[in-house]
Each structure stands twice: as C-alpha cells, then as structure tokens.
Amino acid sequence: MQAYQHTGCVDAESAATFAHREPDNVPDPQDLLTAPMATLTRRAKTVEVQSFVDAAVRLLEGHETSTGIRQRKRTEAAQTAFLRAVEAFLGDLLLGAKIGRGGWVFRSRHAKSFSGGEVTYRQFIAVAETMEALGLIEVVDGFNAMKTISWEGGQTSRYQQGKAARYRASKNLLDLAVGMGVEAQDVGRHFQETTPTKLIVLKDSSRRFGRDKIPGRPMSLSPTATVERLMDQVRLINEFLDGIDIQGGIHKGFYRVFNLGDHPGFDWNKGGRLYSIGIDNYQRLKEKDRLGMTLDGESVAEIDISGSYLTALHGLLGQPLKIEGDLYNVPGIPRSIVKGWLVATLSNAGHLKRWPKDKAADFVEETGQSLSETYSIKAVREAMIANYPVLDAWGQVEIDWGDLMFRESEAVIGTMVHLIKAYQIPALPVHDSLLVPASKVGLCRNLLVDHYKYSCKIEPRVTVDFPEGWVVEGS
C-alpha cells in the first residue's frame with residue numbers, strides 16, 4: 001500500500017471559509033478493505049443539499065480559475081457533465097461517512113469502469129483531483145492487499161490482490177455540508193438513487209478458490225420474449241411503488257437478479273430475488289427498524305416465511321414437513337446455530353465440511369469460543385438430518401439453491417403483483433418476507449401462502465411481526 005498523506009487545506013482564495021485543521025487519522029487497513037463502492041448514481045433531492053452541491057461547485061471552479069488549471073469556460077454539455085460528477089461523488093462521500101468503516105468508499109480509476117455510467121471518467125478524475133487539492137477529500141491510491149487462501153489438507157497460499165483507490169470526505173467537506181443543513185446521517189433523504197435502468201441482471205456460477213467463495217460475474221442478456229416479460233414485471237412493481245410514500249426506509253426501485261446463468265439447465269429458473277438499489281436501502285435495516293417504516297402513512301407489519309428453503313425443499317421433493325411449531329427447534333442445538341447451518345448449507349452446492357469463516361468469526365466475537373469446537377459441523381449435520389431426513393441427500397438431488405431461491409422469489413413476487421393488480425396494495429420484499437400495510441395483514445398473508453403453495457408445492461408456516469404498540473384485532 002502506498003504511504004498515506006493528507007492533502008492539506010483549501011487554496012488561499014477559499015481558505016477563509018474553513019478553519020485550519022490537523023490531518024485526519026491514518027486509515028485503518030481493515031476500513032480500507034471493507035469500503036463500499038462509490039456508484040456515482042445518486043442525485044441531490046433537497047433544497048439544502050442542492051445548496052451544498054452549489055457551494056462545492058463554486059469552490060472547485062474557483063480553484064480551477066485561481067490556479068490556471070482551466071483557461072476556457074466549459075461548453076454547456078461539459079458543464080452539465082461536470083455538475084453531475086460533483087453531485088454524484090458528494091452523495092457517495094456522505095454515504096460513506098454515514099456507513100462508517102472509516103468513511104471510505106472505493107472507485108476504480110480505470111476508464112473502462114465508467115463505460116455506460118452517468119459520470120464520465122474524465123469528469124470524475126477532474127473533480128476528484130480538484131477536491132483533493134482543496135482538502136475536501138482524502139485519498140489512498142490503489143494498492144495491493146495480501147490475500148491468504150486456505151486449501152484442503154491445511155495448505156495455504158498467499159498472493160497480492162489489487163484494490164482500487166479509496167476516497168473519503170475530509171472534516172472540511174463535512175463541515176461545509178453541516179453549514180448548509182446537510183448531516184451525513186441524513187444522506188438518504190438528501191441524496192437518492194435514481195430508478196434502476198437494468199431491471200434484470202444475470203450472473204454466472206460462483207467459484208471456489210480455496211475456502212473463499214468468489215461471487216458470480218455478470219453475463220450479457222439477449223432480448224428474448226422471456227427477458228422482456230420479466231422486465232415488464234419488475235417495471236410494473238417499480239412504477240406502482242414510485243407513487244407510494246415510503247417513509248422510515250430508503251427505496252428507489254428494484255432490479256431482479258438471476259443466478260447460475262452458465263448452468264446447463266438454466267432457463268430463467270435460478271435465483272430471481274428482487275433487490276432494492278443502493279447500499280443503504282430498506283432491505284439492509286434491522287427488523288425492528290423495518291417495523292418503523294410506513295407506506296402512504298400507514299405502519300407496516302412483516303410477514304415472514306419460516307424456514308423457507310427447508311420448506312421449499314420438502315415441497316419440491318414431494319416430502320411432507322411433519323414437524324409442528326418452530327422449524328429451527330432441534331434438540332441439543334441452539335436456534336441460532338440451526339438457522340445458521342441451514343442458511344449456509346442450503347445456499348451451498350452440498351453439505352459443508354467446515355463452518356464458513358464469517359459464521360465462525362461471528363461466533364468467536366459473540367461468545368469468545370470456537371464454533372467448530374463448540375458445535376462441530378459434523379455433529380450439527382447429523383442432528384439436522386435426524387430431524388429432517390430429506391437433508392441427507394442434499395447435493396445429490398437435482399434441486400439446488402438456485403431452484404429454492406427461484407421458487408421462493410416467484411411466490412413473493414407473485415404476491416406483490418397480485419396485490420398491485422387486484423387491490424392496489426403496496427408490499428416490499430425482504431427476500432423471504434414481505435412488509436405490508438398492517439391493516440391489510442390478513443389478506444396479504446393469505447395471498448402469500450397461496451402463491452407459495454403454488455410455487456413450492458407445499459403450505460408454508462408464516463409468522464407476522466407488528467410494529468411496537470400495534471393492537472392486533474381480537475387480541
């Protein structure tokens with residue numbers, strides 16, 4: 001990694017605007033590695049943030065003039081592109097400041113990474129360099145991070161993995177925003193994502209590199225009748241929800257992701273979940289925070305499909321799910337371990353030989369103990385198979401995780417479309433659950449059960465969580 005250097009304060013002409021400050025702290029390497037991507041897609045939506053963007057533009061243009069960087073006035077098209085780059089980058093920088101992780105965001109400087117985007121490579125580089133010169137941002141150039149790969153048999157390999165440049169808002173920039181009434185914690189209200197243009201995304205299979213799982217890569221789409229039908233469905237949902245006042249969580253549109261596109265049996269029947277755009281969307285909220293949301297002023301309730309993948313597996317294999325009550329209640333194993341094992345196993349191609357690294361790390365953080373020593377993967381697997389014999393053949397049957405996700409997504413999306421077309425009722429998915437107006441829970445629950453039965457060939461167990469203080473009729 002290159003040595004980190006603070007870039008100084010603003011130029012002499014603008015220095016009076018800011019108090020002199022000491023350089024920010026040297027970044028934590030882990031913060032740099034976990035930084036989210038600067039997507040450069042956000043737009044200013046409030047009067048306050050537009051004033052903030054305008055102030056930043058004046059600083060950048062003043063610096064260009066005073067230093068002689070720019071001799072001629074930009075053309076109208078170039079000026080529009082410049083303003084868009086400033087607006088989008090500021091949105092990402094403030095979002096980074098809100099999320100934490102040191103406030104850093106990453107963005108590749110390769111020209112090809114800007115192809116097809118709203119912000120051009122040339123304008124982004126110009127904006128970033130000027131902001132750096134003014135002390136409005138701090139920059140860590142692209143660097144190599146050491147990567148360790150664990151192989152079967154205990155062997156390990158190490159190699160250098162290239163990382164893109166990192167950026168974060170300086171104290172100067174954050175104080176300028178606050179002075180305009182823009183707090184980083186409120187960035188979702190001030191800067192909003194644009195409606196997604198790619199309604200359908202197709203990815204190939206993930207790959208294993210040692211114990212690491214490398215996500216599937218995007219694949220090109222052919223304009224078939226099936227793709228058009230799928231796009232029309234997502235477009236219908238997006239257009240309807242665009243007219244709904246959503247408060248308490250951020251949502252600007254869905255795109256649908258299909259997986260395993262390189263699978264021999266792929267026929268738009270693998271994966272298929274709806275994802276809300278943006279890294280601060282409502283789907284990332286904790287459950288208690290989601291229950292604080294409103295749809296057109298009405299509180300929401302969350303209808304959850306209990307053990308969705310496990311239930312769907314039984315249904316698609318024609319096996320009855322005989323156990324009553326909580327599906328995660330397995331003798332001798334804590335509920336959280338059961339749920340974690342099921343999620344990890346049924347999202348994998350077969351039975352796990354060891355606990356995933358993230359789950360093992362979480363267990364150590366929560367308990368101070370080793371997960372593999374406390375609950376060996378073999379012991380948990382044997383207990384799960386004893387409770388659910390259908391799991392014994394996982395990885396050997398024709399059904400895989402992509403099939404389970406697709407059937408679940410068809411049930412959830414089918415319910416959403418049904419509610420829109422027949423009742424004009426909004427619903428927001430969180431993968432295997434739906435946020436719906438609390439007063440419409442009965443209808444929404446029944447429709448979700450019906451669509452799940454049709455898609456997964458089995459009746460699911462569902463639970464309903466209401467917002468705090470909500471009085472359930474008849475209770």
# chains A, B, ... in the order shown; residues from 1 in each chain; ligands from 1
>>> select_by_dssp(residues="region 127-372 of chain A", states="strand (DSSP E)", output="PyMOL selection string")
chain A and resi 137-140+143-150+156-163+165-169+191-193+200-203+207-209+212-214+218-219+246-247+254-258+271-276+294-295+298-305
>>> write_last_selection(atoms="C-alpha atoms", output="short mmCIF file (atom, residue, chain, number, x, y, z; two decimals), in the first residue's frame")
data_model
loop_
_atom_site.label_atom_id
_atom_site.label_comp_id
_atom_site.auth_asym_id
_atom_site.auth_seq_id
_atom_site.Cartn_x
_atom_site.Cartn_y
_atom_site.Cartn_z
CA ILE A 137 -11.34 14.72 0.32
CA GLU A 138 -8.62 12.35 1.45
CA VAL A 139 -7.26 9.80 -0.97
CA VAL A 140 -5.49 6.47 -0.76
CA PHE A 143 -2.85 -0.70 -3.51
CA ASN A 144 -2.13 -4.40 -3.20
CA ALA A 145 -3.60 -6.32 -0.26
CA MET A 146 -2.20 -9.65 0.85
CA LYS A 147 -4.71 -12.45 0.35
CA THR A 148 -4.43 -15.82 2.11
CA ILE A 149 -6.09 -18.88 0.58
CA SER A 150 -6.76 -21.96 2.74
CA THR A 156 -2.25 -22.14 2.48
CA SER A 157 -1.21 -19.78 -0.31
CA ARG A 158 -0.62 -16.04 -0.27
CA TYR A 159 -0.83 -13.57 -3.12
CA GLN A 160 -1.26 -9.86 -3.77
CA GLN A 161 -4.76 -8.70 -4.70
CA GLY A 162 -5.14 -5.30 -6.37
CA LYS A 163 -7.51 -2.79 -4.77
CA ALA A 165 -8.36 3.89 -4.94
CA ARG A 166 -10.15 4.88 -1.73
CA TYR A 167 -11.74 8.26 -1.01
CA ARG A 168 -13.38 9.87 1.99
CA ALA A 169 -14.82 13.26 2.89
CA PHE A 191 -29.23 12.22 -1.92
CA GLN A 192 -31.30 9.50 -3.54
CA GLU A 193 -30.58 6.74 -6.01
CA ILE A 200 -32.82 -7.81 -14.90
CA VAL A 201 -29.29 -8.92 -14.02
CA LEU A 202 -27.90 -12.32 -14.99
CA LYS A 203 -24.86 -13.82 -13.25
CA ARG A 207 -16.42 -20.23 -7.87
CA ARG A 208 -14.33 -21.62 -5.05
CA PHE A 209 -10.75 -20.52 -4.53
CA ASP A 212 -13.13 -18.48 -0.39
CA LYS A 213 -16.28 -18.15 -2.45
CA ILE A 214 -15.98 -15.79 -5.41
CA PRO A 218 -22.49 -10.50 -14.68
CA MET A 219 -23.43 -12.03 -18.03
CA ILE A 246 -42.34 5.28 1.70
CA GLN A 247 -41.00 6.62 4.99
CA PHE A 254 -35.91 -2.90 -7.70
CA TYR A 255 -33.83 -5.00 -10.03
CA ARG A 256 -34.10 -8.78 -10.23
CA VAL A 257 -31.00 -10.98 -10.14
CA PHE A 258 -30.93 -14.42 -11.75
CA GLY A 271 -32.24 -17.25 -8.24
CA GLY A 272 -34.52 -14.40 -9.16
CA ARG A 273 -34.74 -12.31 -5.99
CA LEU A 274 -35.69 -8.65 -6.05
CA TYR A 275 -33.06 -6.26 -4.71
CA SER A 276 -33.62 -2.63 -3.77
CA THR A 294 -44.75 3.45 6.77
CA LEU A 295 -46.43 3.05 3.38
CA GLU A 298 -49.66 3.54 7.43
CA SER A 299 -47.47 1.39 9.70
CA VAL A 300 -46.16 -1.85 8.25
CA ALA A 301 -46.19 -5.42 9.52
CA GLU A 302 -43.71 -8.05 8.34
CA ILE A 303 -44.96 -11.43 7.13
CA ASP A 304 -42.12 -13.95 7.27
CA ILE A 305 -41.96 -17.41 5.68
#
>>> closest_atom_pairs(of="region 213-267 of chain A", to="region 280-283 of chain A", cutoff="9 Å", atoms="only C-alpha atoms", output="Markdown table")
| residue | atom | partner | partner_atom | distance |
| --- | --- | --- | --- | --- |
| A:Gly248 | CA | A:Tyr282 | CA | 8.1 |
| A:Gly249 | CA | A:Tyr282 | CA | 4.6 |
| A:Ile250 | CA | A:Asn281 | CA | 4.8 |
| A:His251 | CA | A:Asn281 | CA | 5.6 |
| A:Lys252 | CA | A:Asn281 | CA | 8.2 |
>>> residues_around(residues="Pro467 (chain A)", least_positions_apart="3", cutoff="10 Å", atoms="only C-alpha atoms", output="MDAnalysis selection string")
chainID A and resid 287:293 299:302 438 470:471
>>> atom_distance(atom1="CA of Asn238 (chain A)", atom2="CA of Ile425 (chain A)")
13.2 Å
>>> atom_distance(atom1="CA of Lys453 (chain A)", atom2="CA of Pro389 (chain A)")
21.4 Å
>>> closest_residue(among="A:Lys198, A:Val330, A:Leu443, A:Leu321", to="Ala422 (chain A)", atoms="only C-alpha atoms")
A:Leu443
>>> residues_around(residues="Lys421 (chain A)", least_positions_apart="6", cutoff="10 Å", atoms="only C-alpha atoms", output="ChimeraX atom specification")
/A:236-237,240
>>> residues_around(residues="region 345-357 of chain A", least_positions_apart="3", cutoff="9 Å", atoms="only C-alpha atoms", output="ChimeraX atom specification")
/A:211-212,309-310,340-342,360-362,371-372,376-378,381,391-396,400-402,404-405
>>> select_by_dssp(residues="region 300-398 of chain A", states="alpha helix (DSSP H)", output="ChimeraX atom specification")
/A:308-316,335-345,357-367,371-374,377-387
>>> residues_around(residues="region 113-129 of chain A", least_positions_apart="5", cutoff="7 Å", atoms="only C-alpha atoms", output="list in words")
Leu40, Thr41, Ala81, Phe82, Arg84, Ala85, Val86 and Ser108 of chain A
